[in-house]
$ cat data.txt   # compact mmCIF, N, CA and C atoms
# COMPACT_ATOMS: atom_id res chain seq x y z
N THR A 1295 1.56 -16.58 -14.57
CA THR A 1295 1.49 -15.53 -13.57
C THR A 1295 1.83 -14.19 -14.22
N LYS A 1296 1.21 -13.12 -13.72
CA LYS A 1296 1.31 -11.81 -14.37
C LYS A 1296 2.72 -11.22 -14.40
N ASN A 1297 3.45 -11.31 -13.30
CA ASN A 1297 4.76 -10.67 -13.27
C ASN A 1297 5.71 -11.42 -12.35
N ALA A 1298 6.96 -10.97 -12.30
CA ALA A 1298 7.99 -11.66 -11.52
C ALA A 1298 7.65 -11.68 -10.03
N CYS A 1299 7.07 -10.62 -9.53
CA CYS A 1299 6.72 -10.55 -8.10
C CYS A 1299 5.67 -11.61 -7.77
N ASP A 1300 4.61 -11.69 -8.57
CA ASP A 1300 3.58 -12.71 -8.35
C ASP A 1300 4.17 -14.12 -8.46
N ARG A 1301 5.01 -14.32 -9.44
CA ARG A 1301 5.62 -15.63 -9.66
C ARG A 1301 6.46 -16.03 -8.43
N THR A 1302 7.27 -15.10 -7.92
CA THR A 1302 8.11 -15.39 -6.76
C THR A 1302 7.24 -15.68 -5.54
N PHE A 1303 6.18 -14.90 -5.35
CA PHE A 1303 5.30 -15.12 -4.22
C PHE A 1303 4.65 -16.50 -4.31
N ASN A 1304 4.23 -16.90 -5.50
CA ASN A 1304 3.63 -18.22 -5.67
C ASN A 1304 4.62 -19.34 -5.38
N LEU A 1305 5.88 -19.15 -5.76
CA LEU A 1305 6.91 -20.14 -5.45
C LEU A 1305 7.13 -20.22 -3.94
N LEU A 1306 7.10 -19.09 -3.27
CA LEU A 1306 7.24 -19.08 -1.81
C LEU A 1306 6.09 -19.85 -1.15
N LYS A 1307 4.87 -19.60 -1.65
CA LYS A 1307 3.71 -20.29 -1.08
C LYS A 1307 3.86 -21.80 -1.25
N LYS A 1308 4.34 -22.24 -2.41
CA LYS A 1308 4.54 -23.67 -2.63
C LYS A 1308 5.51 -24.24 -1.60
N TYR A 1309 6.55 -23.47 -1.29
CA TYR A 1309 7.56 -23.95 -0.35
C TYR A 1309 7.02 -23.98 1.08
N PHE A 1310 6.44 -22.87 1.56
CA PHE A 1310 6.06 -22.86 2.97
C PHE A 1310 4.76 -23.57 3.27
N HIS A 1311 3.96 -23.91 2.26
CA HIS A 1311 2.75 -24.69 2.51
C HIS A 1311 3.09 -26.10 2.97
N LYS A 1312 4.28 -26.56 2.63
CA LYS A 1312 4.71 -27.91 3.02
C LYS A 1312 5.34 -27.92 4.41
N GLN A 1313 5.51 -26.78 5.02
CA GLN A 1313 6.15 -26.66 6.34
C GLN A 1313 5.09 -26.57 7.43
N GLN A 1314 5.53 -26.79 8.65
CA GLN A 1314 4.67 -26.59 9.82
C GLN A 1314 4.91 -25.16 10.32
N VAL A 1315 4.12 -24.23 9.81
CA VAL A 1315 4.29 -22.81 10.14
C VAL A 1315 3.05 -22.36 10.90
N TRP A 1316 3.28 -21.91 12.16
CA TRP A 1316 2.16 -21.52 13.00
C TRP A 1316 2.26 -20.07 13.47
N THR A 1317 3.44 -19.50 13.45
CA THR A 1317 3.62 -18.14 13.97
C THR A 1317 4.35 -17.28 12.95
N PHE A 1318 4.30 -15.98 13.15
CA PHE A 1318 4.99 -15.05 12.25
C PHE A 1318 6.50 -15.27 12.26
N PRO A 1319 7.14 -15.44 13.44
CA PRO A 1319 8.59 -15.71 13.42
C PRO A 1319 8.94 -16.99 12.66
N GLN A 1320 8.10 -18.02 12.77
CA GLN A 1320 8.35 -19.25 12.00
C GLN A 1320 8.23 -18.97 10.50
N LEU A 1321 7.24 -18.18 10.11
CA LEU A 1321 7.07 -17.82 8.71
C LEU A 1321 8.31 -17.09 8.19
N CYS A 1322 8.81 -16.13 8.98
CA CYS A 1322 10.01 -15.38 8.58
C CYS A 1322 11.21 -16.32 8.41
N THR A 1323 11.35 -17.28 9.31
CA THR A 1323 12.46 -18.24 9.24
C THR A 1323 12.36 -19.10 7.98
N VAL A 1324 11.17 -19.62 7.72
CA VAL A 1324 10.97 -20.49 6.55
C VAL A 1324 11.20 -19.72 5.25
N ILE A 1325 10.63 -18.53 5.16
CA ILE A 1325 10.78 -17.75 3.94
C ILE A 1325 12.22 -17.27 3.78
N GLY A 1326 12.88 -16.97 4.90
CA GLY A 1326 14.27 -16.50 4.87
C GLY A 1326 15.27 -17.53 4.39
N LYS A 1327 14.87 -18.79 4.37
CA LYS A 1327 15.76 -19.86 3.89
C LYS A 1327 15.94 -19.84 2.37
N GLN A 1328 15.05 -19.14 1.67
CA GLN A 1328 15.17 -19.02 0.22
C GLN A 1328 16.37 -18.13 -0.10
N GLU A 1329 17.19 -18.52 -1.06
CA GLU A 1329 18.43 -17.78 -1.32
C GLU A 1329 18.21 -16.39 -1.89
N ASP A 1330 17.12 -16.14 -2.59
CA ASP A 1330 16.88 -14.83 -3.20
C ASP A 1330 16.02 -13.92 -2.33
N ILE A 1331 15.68 -14.36 -1.12
CA ILE A 1331 14.75 -13.61 -0.28
C ILE A 1331 15.45 -13.10 0.97
N THR A 1332 15.21 -11.83 1.28
CA THR A 1332 15.65 -11.25 2.53
C THR A 1332 14.41 -10.80 3.28
N VAL A 1333 14.18 -11.36 4.45
CA VAL A 1333 13.00 -11.02 5.23
C VAL A 1333 13.30 -9.78 6.07
N VAL A 1334 12.45 -8.78 5.95
CA VAL A 1334 12.57 -7.56 6.75
C VAL A 1334 11.23 -7.34 7.44
N PRO A 1335 11.10 -7.82 8.69
CA PRO A 1335 9.83 -7.60 9.39
C PRO A 1335 9.58 -6.10 9.61
N VAL A 1336 8.35 -5.69 9.46
CA VAL A 1336 7.98 -4.29 9.63
C VAL A 1336 7.12 -4.17 10.88
N VAL A 1337 7.47 -3.22 11.73
CA VAL A 1337 6.69 -3.02 12.95
C VAL A 1337 5.49 -2.12 12.65
N ALA A 1338 4.47 -2.23 13.48
CA ALA A 1338 3.20 -1.54 13.23
C ALA A 1338 3.35 -0.02 13.12
N ASN A 1339 4.27 0.60 13.88
CA ASN A 1339 4.35 2.06 13.85
C ASN A 1339 4.97 2.62 12.58
N LYS A 1340 5.32 1.78 11.64
CA LYS A 1340 5.86 2.25 10.35
C LYS A 1340 4.75 2.60 9.36
N PHE A 1341 3.51 2.23 9.67
CA PHE A 1341 2.39 2.49 8.77
C PHE A 1341 1.77 3.83 9.13
N LYS A 1342 1.77 4.76 8.19
CA LYS A 1342 1.28 6.12 8.44
C LYS A 1342 0.03 6.40 7.62
N ASN A 1343 -0.76 7.38 8.06
CA ASN A 1343 -1.99 7.77 7.38
C ASN A 1343 -1.68 8.83 6.32
N TYR A 1344 -1.29 8.37 5.13
CA TYR A 1344 -0.99 9.30 4.04
C TYR A 1344 -2.27 9.88 3.44
N GLY A 1345 -3.38 9.20 3.60
CA GLY A 1345 -4.64 9.67 3.05
C GLY A 1345 -5.02 11.04 3.57
N GLU A 1346 -4.80 11.28 4.85
CA GLU A 1346 -5.12 12.58 5.46
C GLU A 1346 -4.29 13.70 4.82
N MET A 1347 -3.00 13.42 4.62
CA MET A 1347 -2.10 14.41 4.01
C MET A 1347 -2.49 14.67 2.55
N LEU A 1348 -2.78 13.60 1.82
CA LEU A 1348 -3.17 13.76 0.42
C LEU A 1348 -4.46 14.55 0.29
N ASP A 1349 -5.42 14.31 1.20
CA ASP A 1349 -6.68 15.07 1.18
C ASP A 1349 -6.45 16.55 1.45
N GLU A 1350 -5.47 16.86 2.29
CA GLU A 1350 -5.18 18.25 2.65
C GLU A 1350 -4.53 19.02 1.49
N PHE A 1351 -3.66 18.36 0.73
CA PHE A 1351 -2.85 19.07 -0.26
C PHE A 1351 -3.22 18.80 -1.71
N TYR A 1352 -3.97 17.73 -1.98
CA TYR A 1352 -4.28 17.37 -3.37
C TYR A 1352 -5.77 17.18 -3.59
N ARG A 1353 -6.22 17.45 -4.80
CA ARG A 1353 -7.62 17.23 -5.18
C ARG A 1353 -7.84 15.76 -5.50
N GLN A 1354 -9.11 15.36 -5.46
CA GLN A 1354 -9.48 14.03 -5.94
C GLN A 1354 -9.30 14.02 -7.46
N PHE A 1355 -8.93 12.90 -8.02
CA PHE A 1355 -8.83 12.80 -9.47
C PHE A 1355 -10.22 12.94 -10.08
N GLU A 1356 -10.29 13.54 -11.25
CA GLU A 1356 -11.57 13.71 -11.92
C GLU A 1356 -12.17 12.33 -12.20
N THR A 1357 -13.46 12.22 -12.04
CA THR A 1357 -14.15 10.94 -12.21
C THR A 1357 -13.86 10.35 -13.59
N GLY A 1358 -13.54 9.06 -13.59
CA GLY A 1358 -13.30 8.34 -14.85
C GLY A 1358 -11.93 8.54 -15.45
N THR A 1359 -11.01 9.26 -14.78
CA THR A 1359 -9.69 9.51 -15.38
C THR A 1359 -8.65 8.48 -14.97
N VAL A 1360 -8.89 7.75 -13.90
CA VAL A 1360 -7.94 6.71 -13.47
C VAL A 1360 -8.73 5.42 -13.28
N LEU A 1361 -8.64 4.54 -14.25
CA LEU A 1361 -9.29 3.24 -14.19
C LEU A 1361 -8.20 2.17 -14.24
N VAL A 1362 -8.60 0.92 -14.07
CA VAL A 1362 -7.64 -0.18 -13.99
C VAL A 1362 -6.69 -0.22 -15.18
N ASN A 1363 -7.19 0.00 -16.38
CA ASN A 1363 -6.36 -0.12 -17.56
C ASN A 1363 -5.74 1.20 -18.01
N HIS A 1364 -5.94 2.27 -17.27
CA HIS A 1364 -5.40 3.58 -17.67
C HIS A 1364 -3.94 3.73 -17.27
N ILE A 1365 -3.27 4.57 -18.01
CA ILE A 1365 -1.88 4.91 -17.73
C ILE A 1365 -1.89 6.31 -17.12
N PHE A 1366 -1.20 6.50 -16.00
CA PHE A 1366 -1.14 7.84 -15.43
C PHE A 1366 0.21 8.05 -14.75
N HIS A 1367 0.66 9.29 -14.75
CA HIS A 1367 1.93 9.61 -14.09
C HIS A 1367 2.00 11.09 -13.73
N VAL A 1368 2.91 11.38 -12.81
CA VAL A 1368 3.21 12.75 -12.40
C VAL A 1368 4.72 12.86 -12.43
N THR A 1369 5.24 13.94 -13.00
CA THR A 1369 6.69 14.10 -13.08
C THR A 1369 7.19 15.10 -12.05
N SER A 1370 8.47 15.01 -11.73
CA SER A 1370 9.07 15.96 -10.78
C SER A 1370 9.20 17.35 -11.39
N MET A 1371 9.17 17.44 -12.72
CA MET A 1371 9.27 18.74 -13.38
C MET A 1371 8.00 19.57 -13.17
N ASP A 1372 6.85 18.89 -13.06
CA ASP A 1372 5.58 19.59 -12.83
C ASP A 1372 4.71 18.72 -11.91
N PRO A 1373 5.05 18.69 -10.60
CA PRO A 1373 4.37 17.76 -9.69
C PRO A 1373 2.90 18.08 -9.42
N GLY A 1374 2.42 19.21 -9.88
CA GLY A 1374 1.02 19.56 -9.67
C GLY A 1374 0.10 19.13 -10.79
N VAL A 1375 0.65 18.46 -11.79
CA VAL A 1375 -0.15 18.06 -12.95
C VAL A 1375 -0.05 16.55 -13.13
N MET A 1376 -1.21 15.89 -13.22
CA MET A 1376 -1.23 14.46 -13.50
C MET A 1376 -1.58 14.26 -14.97
N VAL A 1377 -0.84 13.39 -15.62
CA VAL A 1377 -1.06 13.06 -17.03
C VAL A 1377 -1.73 11.70 -17.09
N THR A 1378 -2.87 11.61 -17.80
CA THR A 1378 -3.58 10.34 -17.93
C THR A 1378 -3.71 9.96 -19.39
N GLN A 1379 -3.86 8.66 -19.61
CA GLN A 1379 -4.00 8.14 -20.96
C GLN A 1379 -4.81 6.85 -20.87
N GLU A 1380 -5.84 6.72 -21.70
CA GLU A 1380 -6.67 5.51 -21.65
C GLU A 1380 -5.90 4.28 -22.09
N ASP A 1381 -5.10 4.41 -23.13
CA ASP A 1381 -4.17 3.36 -23.56
C ASP A 1381 -3.10 4.02 -24.42
N PRO A 1382 -2.02 3.31 -24.77
CA PRO A 1382 -0.91 3.95 -25.48
C PRO A 1382 -1.28 4.60 -26.82
N ASP A 1383 -2.37 4.18 -27.43
CA ASP A 1383 -2.77 4.74 -28.72
C ASP A 1383 -3.63 6.00 -28.59
N LYS A 1384 -4.12 6.28 -27.39
CA LYS A 1384 -5.00 7.44 -27.18
C LYS A 1384 -4.18 8.65 -26.76
N PRO A 1385 -4.73 9.86 -26.95
CA PRO A 1385 -3.99 11.07 -26.55
C PRO A 1385 -3.91 11.22 -25.03
N GLU A 1386 -2.87 11.92 -24.58
CA GLU A 1386 -2.71 12.20 -23.16
C GLU A 1386 -3.61 13.35 -22.74
N LYS A 1387 -4.11 13.30 -21.52
CA LYS A 1387 -4.90 14.39 -20.95
C LYS A 1387 -4.22 14.80 -19.65
N THR A 1388 -4.35 16.06 -19.28
CA THR A 1388 -3.74 16.53 -18.04
C THR A 1388 -4.80 17.12 -17.12
N GLN A 1389 -4.50 17.08 -15.82
CA GLN A 1389 -5.36 17.73 -14.85
C GLN A 1389 -4.52 18.22 -13.67
N ARG A 1390 -4.89 19.39 -13.16
CA ARG A 1390 -4.20 19.94 -11.97
C ARG A 1390 -4.69 19.18 -10.75
N ILE A 1391 -3.76 18.75 -9.91
CA ILE A 1391 -4.16 17.97 -8.75
C ILE A 1391 -3.84 18.65 -7.42
N ILE A 1392 -3.15 19.77 -7.45
CA ILE A 1392 -2.81 20.47 -6.22
C ILE A 1392 -3.99 21.33 -5.79
N LYS A 1393 -4.33 21.26 -4.51
CA LYS A 1393 -5.36 22.14 -3.96
C LYS A 1393 -4.72 23.50 -3.73
N GLU A 1394 -5.31 24.50 -4.33
CA GLU A 1394 -4.78 25.87 -4.21
C GLU A 1394 -5.44 26.55 -3.01
N ARG A 1395 -4.67 27.36 -2.30
CA ARG A 1395 -5.21 28.20 -1.22
C ARG A 1395 -4.98 29.64 -1.61
N ARG A 1396 -5.95 30.47 -1.30
CA ARG A 1396 -5.79 31.89 -1.61
C ARG A 1396 -4.60 32.45 -0.83
N ASN A 1397 -3.87 33.31 -1.49
CA ASN A 1397 -2.74 34.02 -0.88
C ASN A 1397 -1.65 33.07 -0.36
N GLU A 1398 -1.54 31.87 -0.93
CA GLU A 1398 -0.45 30.97 -0.53
C GLU A 1398 0.44 30.72 -1.72
N ASP A 1399 1.70 31.13 -1.62
CA ASP A 1399 2.64 30.90 -2.71
C ASP A 1399 3.29 29.52 -2.53
N ALA A 1400 4.12 29.14 -3.48
CA ALA A 1400 4.75 27.82 -3.47
C ALA A 1400 5.61 27.60 -2.23
N ALA A 1401 6.32 28.63 -1.80
CA ALA A 1401 7.19 28.50 -0.62
C ALA A 1401 6.37 28.23 0.64
N ALA A 1402 5.25 28.93 0.79
CA ALA A 1402 4.39 28.74 1.96
C ALA A 1402 3.77 27.34 1.94
N ARG A 1403 3.36 26.89 0.75
CA ARG A 1403 2.79 25.55 0.61
C ARG A 1403 3.82 24.50 0.97
N LYS A 1404 5.05 24.68 0.49
CA LYS A 1404 6.12 23.73 0.77
C LYS A 1404 6.40 23.68 2.28
N LEU A 1405 6.40 24.82 2.92
CA LEU A 1405 6.62 24.90 4.37
C LEU A 1405 5.50 24.17 5.11
N ARG A 1406 4.27 24.39 4.68
CA ARG A 1406 3.11 23.72 5.30
C ARG A 1406 3.18 22.21 5.08
N LEU A 1407 3.58 21.79 3.89
CA LEU A 1407 3.71 20.37 3.57
C LEU A 1407 4.81 19.72 4.40
N ASN A 1408 5.95 20.38 4.53
CA ASN A 1408 7.06 19.83 5.32
C ASN A 1408 6.71 19.76 6.80
N GLY A 1409 5.83 20.63 7.26
CA GLY A 1409 5.44 20.63 8.66
C GLY A 1409 4.31 19.68 8.99
N PHE A 1410 3.73 19.07 7.97
CA PHE A 1410 2.59 18.17 8.20
C PHE A 1410 3.08 16.90 8.90
N VAL A 1411 2.45 16.55 10.00
CA VAL A 1411 2.85 15.37 10.76
C VAL A 1411 1.91 14.22 10.41
N LEU A 1412 2.50 13.14 9.89
CA LEU A 1412 1.73 11.95 9.56
C LEU A 1412 1.38 11.19 10.82
N LYS A 1413 0.12 10.83 10.96
CA LYS A 1413 -0.31 10.05 12.12
C LYS A 1413 -0.13 8.57 11.85
N GLU A 1414 0.14 7.81 12.91
CA GLU A 1414 0.28 6.36 12.76
C GLU A 1414 -1.09 5.73 12.53
N LEU A 1415 -1.11 4.70 11.70
CA LEU A 1415 -2.33 3.92 11.52
C LEU A 1415 -2.40 2.86 12.61
N SER A 1416 -3.56 2.66 13.17
CA SER A 1416 -3.69 1.59 14.16
C SER A 1416 -4.05 0.30 13.43
N PRO A 1417 -3.48 -0.82 13.88
CA PRO A 1417 -3.79 -2.10 13.22
C PRO A 1417 -5.28 -2.39 13.32
N PRO A 1418 -5.85 -2.99 12.28
CA PRO A 1418 -7.29 -3.25 12.31
C PRO A 1418 -7.69 -4.28 13.35
N GLY A 1419 -6.80 -5.22 13.64
CA GLY A 1419 -7.11 -6.24 14.64
C GLY A 1419 -8.18 -7.22 14.16
N LEU A 1420 -8.65 -8.03 15.09
CA LEU A 1420 -9.67 -9.02 14.79
C LEU A 1420 -10.95 -8.69 15.55
N ARG A 1421 -12.07 -9.06 14.96
CA ARG A 1421 -13.33 -8.90 15.67
C ARG A 1421 -13.35 -9.88 16.85
N GLU A 1422 -14.05 -9.51 17.90
CA GLU A 1422 -14.09 -10.32 19.11
C GLU A 1422 -14.55 -11.75 18.84
N ILE A 1423 -15.54 -11.89 17.98
CA ILE A 1423 -16.07 -13.23 17.69
C ILE A 1423 -15.00 -14.11 17.01
N LYS A 1424 -14.15 -13.50 16.18
CA LYS A 1424 -13.09 -14.24 15.51
C LYS A 1424 -12.02 -14.67 16.51
N VAL A 1425 -11.71 -13.83 17.50
CA VAL A 1425 -10.73 -14.18 18.53
C VAL A 1425 -11.22 -15.39 19.32
N VAL A 1426 -12.49 -15.39 19.68
CA VAL A 1426 -13.06 -16.51 20.42
C VAL A 1426 -13.01 -17.78 19.57
N GLU A 1427 -13.38 -17.67 18.29
CA GLU A 1427 -13.35 -18.83 17.40
C GLU A 1427 -11.94 -19.40 17.27
N LEU A 1428 -10.96 -18.53 17.10
CA LEU A 1428 -9.57 -18.99 16.98
C LEU A 1428 -9.13 -19.70 18.25
N ALA A 1429 -9.49 -19.16 19.40
CA ALA A 1429 -9.07 -19.74 20.67
C ALA A 1429 -9.77 -21.07 20.95
N THR A 1430 -11.05 -21.17 20.63
CA THR A 1430 -11.79 -22.39 20.97
C THR A 1430 -11.67 -23.49 19.91
N LYS A 1431 -11.73 -23.12 18.64
CA LYS A 1431 -11.73 -24.13 17.58
C LYS A 1431 -10.33 -24.50 17.08
N TRP A 1432 -9.45 -23.52 16.95
CA TRP A 1432 -8.19 -23.76 16.28
C TRP A 1432 -6.98 -23.87 17.21
N ARG A 1433 -7.00 -23.22 18.36
CA ARG A 1433 -5.85 -23.26 19.25
C ARG A 1433 -5.49 -24.68 19.69
N PRO A 1434 -6.48 -25.55 19.97
CA PRO A 1434 -6.14 -26.92 20.37
C PRO A 1434 -5.37 -27.69 19.27
N LEU A 1435 -5.47 -27.26 18.02
CA LEU A 1435 -4.81 -27.96 16.93
C LEU A 1435 -3.37 -27.48 16.70
N VAL A 1436 -3.02 -26.34 17.27
CA VAL A 1436 -1.70 -25.77 17.07
C VAL A 1436 -0.74 -26.32 18.13
N PRO A 1437 0.42 -26.86 17.69
CA PRO A 1437 1.36 -27.38 18.68
C PRO A 1437 1.91 -26.27 19.57
N PRO A 1438 2.31 -26.60 20.81
CA PRO A 1438 2.81 -25.56 21.73
C PRO A 1438 4.14 -24.95 21.28

$ encode --input "data.txt" --output "structure tokens"
Amino acid sequence: TKNACDRTFNLLKKYFHKQQVWTFPQLCTVIGKQEDITVVPVVANKFKNYGEMLDEFYRQFETGTVLVNHIFHVTSMDPGVMVTQEDPDKPEKTQRIIKERRNEDAAARKLRLNGFVLKELSPPGLREIKVVELATKWRPLVPP
């Protein structure tokens, strides 16, 4: 497995696949029995639309500068510049990522950014046909 997180998740799957788990609360209970795991259920209103805010204040990355194997970072010392690197042996490249507005200084931008209200994301839900299938085909198999 690639990393510790994947490895732990795979161990959890091995454990709860042997259980009779039908609901989210049951899943939380089963997973919470693991000594190294703390279950923290997240409610739907905690998911915000950051994409809208990023589109308002930042540019799209230049095409081909962020790929699966690329290294990229932004530092707090210069948050408007993204540093990219194809691999550790290649030179670093930089690009400005902040969208500039005419006659807007850093203080005005910061004020506008702090005033930006993130909208809640609505859950995607299930398609109607899937709801019917779950109710007719699978519900009879689930214990009460």

$ residues_around --input "data.txt" --residues "Ile1391 of chain A" --least-positions-apart "5" --cutoff "8 Å" --atoms "only N, CA and C atoms" --output "list in words"
Phe1351, Tyr1352, Arg1353, Gln1354, Phe1355, Glu1356, Pro1373, Gly1374, Val1375 and Met1376 of chain A

$ residues_around --input "data.txt" --residues "Lys1387 of chain A" --least-positions-apart "2" --cutoff "6 Å" --atoms "all atoms listed in the file" --output "PyMOL selection string"
chain A and resi 1376-1379+1385+1389

$ atom_distance --input "data.txt" --atom1 "atom N of Pro1418 of chain A" --atom2 "atom CA of Cys1322 of chain A"
20.5 Å

$ residues_around --input "data.txt" --residues "Lys1413 of chain A" --least-positions-apart "6" --cutoff "9 Å" --atoms "only C-alpha atoms" --output "ChimeraX atom specification"
/A:1341-1344,1346

$ atom_distance --input "data.txt" --atom1 "atom C of Glu1380 of chain A" --atom2 "atom N of Phe1366 of chain A"
8.0 Å

$ select_by_dssp --input "data.txt" --residues "segment 1350-1438 of chain A" --states "strand (DSSP E)" --output "ChimeraX atom specification"
/A:1365-1367,1375-1379,1387-1390

$ atom_distance --input "data.txt" --atom1 "atom C of Asp1330 of chain A" --atom2 "atom CA of Phe1318 of chain A"
18.3 Å

$ residues_around --input "data.txt" --residues "Ile1331 of chain A" --least-positions-apart "6" --cutoff "10 Å" --atoms "only C-alpha atoms" --output "PyMOL selection string"
chain A and resi 1302+1306+1325

$ select_by_dssp --input "data.txt" --residues "segment 1310-1383 of chain A" --states "alpha helix (DSSP H)" --output "PyMOL selection string"
chain A and resi 1310+1318-1326+1344-1351

$ axis_aligned_box --input "data.txt" --around "segment 1419-1426 of chain A" --padding-each-side "4 Å" --output "AutoDock Vina command-line options"
--center_x -11.4 --center_y -11.5 --center_z 17.0 --size_x 17.3 --size_y 20.6 --size_z 14.8

$ residues_around --input "data.txt" --residues "Gln1328 of chain A" --least-positions-apart "6" --cutoff "12 Å" --atoms "only C-alpha atoms" --output "PyMOL selection string"
chain A and resi 1302-1303+1305-1310+1321-1322

$ decode --input "data.txt" --residues "segment 1323-1330 of chain A" --atoms "all heavy atoms" --output "tab-separated table (two decimals), in the first residue's frame"
chain	number	residue	atom	x	y	z
A	1323	THR	N	-19.85	3.04	14.85
A	1323	THR	CA	-19.64	2.20	16.05
A	1323	THR	C	-18.57	1.15	15.79
A	1323	THR	O	-17.65	0.96	16.59
A	1323	THR	CB	-20.96	1.52	16.47
A	1323	THR	OG1	-21.92	2.53	16.72
A	1323	THR	CG2	-20.76	0.66	17.71
A	1324	VAL	N	-18.67	0.46	14.66
A	1324	VAL	CA	-17.72	-0.60	14.33
A	1324	VAL	C	-16.31	-0.03	14.15
A	1324	VAL	O	-15.34	-0.56	14.70
A	1324	VAL	CB	-18.17	-1.36	13.06
A	1324	VAL	CG1	-17.07	-2.26	12.53
A	1324	VAL	CG2	-19.41	-2.18	13.36
A	1325	ILE	N	-16.20	1.06	13.41
A	1325	ILE	CA	-14.88	1.65	13.17
A	1325	ILE	C	-14.32	2.24	14.46
A	1325	ILE	O	-13.13	2.16	14.74
A	1325	ILE	CB	-14.95	2.72	12.06
A	1325	ILE	CG1	-15.21	2.02	10.72
A	1325	ILE	CG2	-13.68	3.52	11.99
A	1325	ILE	CD1	-15.39	2.97	9.56
A	1326	GLY	N	-15.20	2.80	15.31
A	1326	GLY	CA	-14.77	3.40	16.57
A	1326	GLY	C	-14.21	2.41	17.57
A	1326	GLY	O	-13.56	2.80	18.53
A	1327	LYS	N	-14.45	1.13	17.36
A	1327	LYS	CA	-13.91	0.10	18.27
A	1327	LYS	C	-12.41	-0.11	18.09
A	1327	LYS	O	-11.77	-0.70	18.94
A	1327	LYS	CB	-14.65	-1.23	18.07
A	1327	LYS	CG	-16.07	-1.19	18.59
A	1327	LYS	CD	-16.76	-2.53	18.38
A	1327	LYS	CE	-18.19	-2.45	18.88
A	1327	LYS	NZ	-18.92	-3.68	18.60
A	1328	GLN	N	-11.86	0.38	16.99
A	1328	GLN	CA	-10.42	0.27	16.76
A	1328	GLN	C	-9.71	1.21	17.72
A	1328	GLN	O	-10.11	2.36	17.88
A	1328	GLN	CB	-10.07	0.63	15.32
A	1328	GLN	CG	-10.79	-0.20	14.28
A	1328	GLN	CD	-10.39	-1.65	14.35
A	1328	GLN	OE1	-9.22	-1.97	14.42
A	1328	GLN	NE2	-11.36	-2.53	14.35
A	1329	GLU	N	-8.64	0.76	18.35
A	1329	GLU	CA	-7.99	1.58	19.38
A	1329	GLU	C	-7.31	2.83	18.85
A	1329	GLU	O	-7.22	3.83	19.56
A	1329	GLU	CB	-7.00	0.75	20.19
A	1329	GLU	CG	-5.84	0.19	19.38
A	1329	GLU	CD	-4.92	-0.69	20.20
A	1329	GLU	OE1	-5.40	-1.74	20.66
A	1329	GLU	OE2	-3.76	-0.29	20.39
A	1330	ASP	N	-6.86	2.84	17.61
A	1330	ASP	CA	-6.17	4.01	17.06
A	1330	ASP	C	-7.08	4.95	16.29
A	1330	ASP	O	-6.62	5.91	15.69
A	1330	ASP	CB	-5.04	3.56	16.12
A	1330	ASP	CG	-3.97	2.77	16.85
A	1330	ASP	OD1	-3.85	2.96	18.08
A	1330	ASP	OD2	-3.26	1.99	16.20
